[in-house]
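Structure record follows, encoded as structure tokens.
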Amino acid sequence: MRIAYLDCATGIAGDMTLAALIDAGVDGAAIRAGIDSLGLPGVSLTVNTVQRCGFRATYVRVEHPEQHAHRGLRDIEAIIVRADKLTVKQRDTAMRMFRAVAEAEARVHGTTVDQVHFHEVGAIDSIVDIVGVAIGFDLLGVEQVVCSPVPTGRGQVKIAHGICPVPAPATAEMLKGVPLRDVPLDAELTTPTGAAIVATLVDRFGPLPELTIEAIGLGAGTKDFRDRANILRLFVGTAKEASPYTDQVFVLETNLDDVTGEVIGYTKQKLLSAGALDVFSVPIQMKKDRPGVLLSVICLIADREKLETILFDETQTFGIRRHLVERSKREREACEVETDFGWIRGKMGWRNNDDLVFTPEFDSCAAAAGQYNVTLHEVYHATETAFAASMESAGESHDHDDGHDGGHDHDHSEQGHDHSHDHSHDHGHDHGHDHDHHH
């Protein structure tokens with residue numbers, strides 16, 4: 001998978017992103033041709049090599065005549081639509097960024113998207129930056145964009161509506177859901193255009209992924225800070241395809257010494273019903289020799305927050321430890337096996353070219369044992385024997401792509417892992433101060 005990684009050490013702005021793309025090898029002539037087709041009179045893009053705190057980087061500047069127009073979303077759309085050198089994808093990407101700004105401005109000012117007038121982001125330099133970035137990422141040809149936590153800066157900034165704290169209101173709106181980082185600089189490090197790029201183009205946030213680096217683009221901001229290089233780094237590389245046999249999960253843990261066994265049991269069931277992959281408890285000796293319980297939860301990354309909420313609400317714990325861990329696993333698939341006790345549900349698992357393993361599902365076996373008045377062990381044995389016979393009759397072949405066990409309905413979800421029982425066999429803005437060209 002081809003990945004682009006935005007390392008926002010000192011924030012992100014439109015001009016910095018465009019410069020980083022060109023520095024990473026994107027064809028500057030193709031970007032200029034797309035910008036020229038916008039039909040904006042007197043506009044040109046200059047690209048220079050500069051030094052920021054002793055490091056080389058590329059700096060872009062938009063040259064344009066003085067302007068006083070305040071454009072709306074429809075005005076911007078008309079400019080982009082008439083640009084005959086832009087592809088459909090490039091037009092769409094540029095418009096998505098402008099819509100992100102318009103929606104943020106509408107929320108901030110209590111109006112509608114159609115009534116919003118862009119002040120800073122409607123300026124020519126910001127239009128050029130956004131369209132240039134849309135062209136650049138299209139030409140870069142990456143399948144995923146990853147971004148570091150984003151610093152916004154500190155202090156105040158003067159915009160068309162007056163003096164505002166950093167981040168400016170519309171910028172903050174666009175950064176909802178984006179992990180932020182504090183960099184102790186009294187400057188606006190992330191501009192509205194930079195926030196629009198992050199909110200629109202980034203697929204996920206985190207540290208630099210494991211990849212083989214092909215190119216590094218260094219895009220300089222306008223400001224030159226004394227103690228750090230004001231540079232946006234763009235890493236472009238190829239990541240290994242994710243293995244189906246490994247993934248990442250959260251382990252949540254809390255020590256409890258003041259809740260009853262009934263509460264712990266109830267909390268376990270509620271966590272499992274909410275999507276936990278596994279929940280287990282271990283007796284421990286806590287401080288002052290108090291006996292207690294270590295309650296542990298394994299969950300998908302996306303489910304962490306809601307499961308922590310359940311832990312806090314049900315146990316009244318004062319704290320939860322969480323660890324992001326990698327795990328090796330078998331791929332698994334739900335299936336059904338026909339036995340003398342009816343159809344019994346189970347799970348199949350495999351890893352690489354290892355032998356197929358099968359585990360009957362406890363609930364299904366227990367129901368059959370009760371219905372036929374036999375022991376649970378008999379049902380388990382019958383199910384395992386029937387599965388082995390079905391595999392033998394199929395020539396011991398197992399096609400993981402075409403389904404299993406006679407085409408029965410299969411559940412590929414992680415929650416198909418049944419941990420809710422004890423008998424488990426599953427071991428195994430350019431704000432009036434050249435805003436978007438700020439740093």
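Identifiers for the structure tokens are assigned positionally: chains receive A, B, ... in sequence, residues are indexed from 1 per chain, and ligands are indexed from 1 in the order shown.
Residues surrounding A:Val297 within 10 Å are Phe250, Val251, Leu252, Glu253, Thr254, Lys268, Leu271, Leu272, Ala276, Leu277, Asp278, Val279, Phe280, Ser281, Arg304, Leu307, Glu308, Leu311 and Arg322 of chain A [only C-alpha atoms; sequence separation below 3 positions excluded].
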Report task. Identify, with DSSP run on backbone atoms, the residues in stretch 93-213 of chain A assigned to strand (DSSP E), and express the list as an NGL selection string. Result -> :A and (117-118 or 144-147 or 150-151 or 156-159 or 162-165 or 180-181 or 204-205 or 212-213)
Can you write just those residues out, N, CA and C atoms, as a CSV table (one decimal), in the first residue's frame?
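Result written to out_0.csv:
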```csv
chain,number,residue,atom,x,y,z
A,117,HIS,N,-19.6,33.8,3.6
A,117,HIS,CA,-18.6,34.5,2.7
A,117,HIS,C,-17.2,34.2,3.2
A,118,PHE,N,-16.4,33.6,2.4
A,118,PHE,CA,-15.0,33.4,2.8
A,118,PHE,C,-14.3,34.7,2.8
A,144,GLN,N,-3.5,6.0,0.9
A,144,GLN,CA,-3.9,6.3,2.3
A,144,GLN,C,-3.0,7.5,2.7
A,145,VAL,N,-3.7,8.5,3.4
A,145,VAL,CA,-2.9,9.6,4.0
A,145,VAL,C,-3.0,9.5,5.5
A,146,VAL,N,-1.9,9.5,6.2
A,146,VAL,CA,-1.8,9.4,7.6
A,146,VAL,C,-1.2,10.7,8.1
A,147,CYS,N,-1.5,11.1,9.3
A,147,CYS,CA,-1.1,12.4,9.8
A,147,CYS,C,-0.7,12.3,11.3
A,150,VAL,N,-1.7,17.2,15.5
A,150,VAL,CA,-1.5,18.5,14.9
A,150,VAL,C,-1.4,19.6,16.0
A,151,PRO,N,-0.3,20.3,16.0
A,151,PRO,CA,-0.2,21.5,16.9
A,151,PRO,C,-0.9,22.7,16.3
A,156,GLN,N,-2.9,34.7,20.1
A,156,GLN,CA,-4.1,35.3,19.5
A,156,GLN,C,-3.7,35.6,18.0
A,157,VAL,N,-4.8,35.8,17.2
A,157,VAL,CA,-4.6,36.1,15.8
A,157,VAL,C,-5.7,37.1,15.4
A,158,LYS,N,-5.4,38.0,14.5
A,158,LYS,CA,-6.4,39.0,14.1
A,158,LYS,C,-7.0,38.5,12.8
A,159,ILE,N,-8.3,38.3,12.7
A,159,ILE,CA,-9.0,37.9,11.5
A,159,ILE,C,-10.0,39.0,11.2
A,162,GLY,N,-12.2,40.3,14.0
A,162,GLY,CA,-11.5,40.8,15.2
A,162,GLY,C,-10.4,39.9,15.7
A,163,ILE,N,-10.0,40.1,16.9
A,163,ILE,CA,-8.9,39.3,17.5
A,163,ILE,C,-9.5,38.1,18.1
A,164,CYS,N,-8.9,36.9,17.8
A,164,CYS,CA,-9.4,35.6,18.3
A,164,CYS,C,-8.3,34.8,18.9
A,165,PRO,N,-8.6,33.9,19.8
A,165,PRO,CA,-7.5,33.1,20.3
A,165,PRO,C,-7.2,32.0,19.3
A,180,LEU,N,-4.7,16.6,18.8
A,180,LEU,CA,-3.9,17.8,18.8
A,180,LEU,C,-2.6,17.6,19.7
A,181,ARG,N,-1.6,18.5,19.4
A,181,ARG,CA,-0.4,18.4,20.2
A,181,ARG,C,0.0,19.9,20.6
A,204,ARG,N,-6.3,8.6,8.7
A,204,ARG,CA,-6.1,8.2,10.1
A,204,ARG,C,-4.9,9.0,10.7
A,205,PHE,N,-4.8,9.0,12.0
A,205,PHE,CA,-3.8,9.7,12.7
A,205,PHE,C,-2.9,8.8,13.6
A,212,THR,N,8.5,1.6,3.7
A,212,THR,CA,9.7,1.8,3.0
A,212,THR,C,9.7,3.1,2.3
A,213,ILE,N,10.5,4.1,2.8
A,213,ILE,CA,10.4,5.5,2.3
A,213,ILE,C,10.9,5.6,0.8
```
Query raised in the report: Between A:Ala4, A:Ala106, A:Leu45, A:Ala78, which one has atoms that come closest to A:Ala33, using only C-alpha atoms?
Result: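 Looking only at the distances to A:Ala33, the closest residue turns out to be A:Leu45.
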Report task. Could you find all residues in stretch 20-195 of chain A that DSSP calls helix (DSSP H, G or I) from the backbone, and write them as a ChimeraX atom specification? Result -> /A:20-23,28-36,73-81,88-109,113-115,124-140,169-174,192-195
Query raised in the report: Nearest to A:Gly11: which of A:Val113, A:Val183, A:Ile79, A:Leu38 is it, counting only C-alpha atoms?
Result: A:Val183
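Taking atom CA of A:Gln248 and atom CA of A:Glu331 as the two end points, the separation is 14.2 Å.
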